[in-house]
Amino acid sequence: MAKPIVDGIERDLGAAVRVIRLNRHTPAGAAISARLGLRLVPGLVVFDGQGDERLRKDGGVVSRKSLVSALKQG
């Protein structure tokens, strides 16, 4: 499950990252998921400070190592 990994990174990195969680069962969550082209749960997209995509995982679990690596690139 991706939630514990994201929770830990959010806790460890604090103000250095902004985590936005969406519920795909709400109108806003469904609209943003569609706009980003996410079809599976969980869906994860990492953007850098300029809005460039650094990592995308549509379904499945992302490793902590790959997520931290993507965050450090930004």
# chains A, B, ... in the order shown; residues from 1 in each chain; ligands from 1
call {"tool": "residues_around", "arguments": {"residues": "A:Leu13", "least_positions_apart": "5", "cutoff": "12 Å", "atoms": "only C-alpha atoms", "output": "MDAnalysis selection string"}}
result
chainID A and resid 6:8 18:19 67:68 71:72
call {"tool": "select_by_dssp", "arguments": {"residues": "stretch 9-60 of chain A", "states": "strand (DSSP E)", "output": "ChimeraX atom specification"}}
result
/A:43-47,53-58
call {"tool": "write_last_selection", "arguments": {"atoms": "N, CA, C and O atoms", "output": "mmCIF file, in the first residue's frame"}}
result
data_model
loop_
_atom_site.group_PDB
_atom_site.id
_atom_site.type_symbol
_atom_site.label_atom_id
_atom_site.label_comp_id
_atom_site.auth_asym_id
_atom_site.auth_seq_id
_atom_site.Cartn_x
_atom_site.Cartn_y
_atom_site.Cartn_z
ATOM 1 N N GLY A 43 -3.191 6.106 -7.374
ATOM 2 C CA GLY A 43 -2.509 6.861 -8.418
ATOM 3 C C GLY A 43 -1.609 7.889 -7.757
ATOM 4 O O GLY A 43 -1.983 8.495 -6.759
ATOM 5 N N LEU A 44 -0.426 8.062 -8.287
ATOM 6 C CA LEU A 44 0.540 8.981 -7.693
ATOM 7 C C LEU A 44 1.258 9.729 -8.806
ATOM 8 O O LEU A 44 1.729 9.122 -9.768
ATOM 9 N N VAL A 45 1.323 11.046 -8.676
ATOM 10 C CA VAL A 45 2.080 11.871 -9.610
ATOM 11 C C VAL A 45 2.921 12.830 -8.767
ATOM 12 O O VAL A 45 2.407 13.477 -7.859
ATOM 13 N N VAL A 46 4.214 12.891 -9.065
ATOM 14 C CA VAL A 46 5.126 13.792 -8.363
ATOM 15 C C VAL A 46 5.551 14.871 -9.342
ATOM 16 O O VAL A 46 6.026 14.575 -10.440
ATOM 17 N N PHE A 47 5.368 16.124 -8.919
ATOM 18 C CA PHE A 47 5.778 17.281 -9.713
ATOM 19 C C PHE A 47 6.893 18.008 -8.982
ATOM 20 O O PHE A 47 6.922 18.038 -7.748
ATOM 21 N N GLU A 53 6.521 17.045 -14.351
ATOM 22 C CA GLU A 53 6.288 15.722 -13.790
ATOM 23 C C GLU A 53 7.608 14.982 -13.608
ATOM 24 O O GLU A 53 8.426 14.918 -14.519
ATOM 25 N N ARG A 54 7.807 14.405 -12.425
ATOM 26 C CA ARG A 54 9.036 13.676 -12.108
ATOM 27 C C ARG A 54 8.799 12.186 -11.932
ATOM 28 O O ARG A 54 9.713 11.397 -12.110
ATOM 29 N N LEU A 55 7.586 11.796 -11.544
ATOM 30 C CA LEU A 55 7.280 10.391 -11.321
ATOM 31 C C LEU A 55 5.789 10.180 -11.477
ATOM 32 O O LEU A 55 4.995 11.029 -11.063
ATOM 33 N N ARG A 56 5.420 9.051 -12.090
ATOM 34 C CA ARG A 56 4.009 8.695 -12.253
ATOM 35 C C ARG A 56 3.863 7.218 -11.944
ATOM 36 O O ARG A 56 4.613 6.382 -12.441
ATOM 37 N N LYS A 57 2.908 6.908 -11.119
ATOM 38 C CA LYS A 57 2.585 5.516 -10.816
ATOM 39 C C LYS A 57 1.062 5.415 -10.814
ATOM 40 O O LYS A 57 0.394 6.005 -9.975
ATOM 41 N N ASP A 58 0.531 4.706 -11.796
ATOM 42 C CA ASP A 58 -0.915 4.545 -11.937
ATOM 43 C C ASP A 58 -1.266 3.123 -11.505
ATOM 44 O O ASP A 58 -1.150 2.182 -12.280
#
call {"tool": "select_by_dssp", "arguments": {"residues": "chain A", "states": "helix (DSSP H, G or I)", "output": "JSON, numbers by chain"}}
result
{"A": [2, 3, 4, 5, 6, 7, 8, 9, 10, 11, 12, 13, 14, 15, 16, 27, 28, 29, 30, 31, 32, 33, 34, 35, 36, 64, 65, 66, 67, 68, 69, 70, 71, 72, 73]}
call {"tool": "residues_around", "arguments": {"residues": "A:Pro4", "least_positions_apart": "3", "cutoff": "12 Å", "atoms": "only C-alpha atoms", "output": "number ranges by chain"}}
result
A: 1, 7-11, 61-64
call {"tool": "closest_residue", "arguments": {"among": "A:Gln73, A:Ile5, A:Asp12, A:Gly60", "to": "A:Arg39", "atoms": "only C-alpha atoms"}}
result
A:Gly60
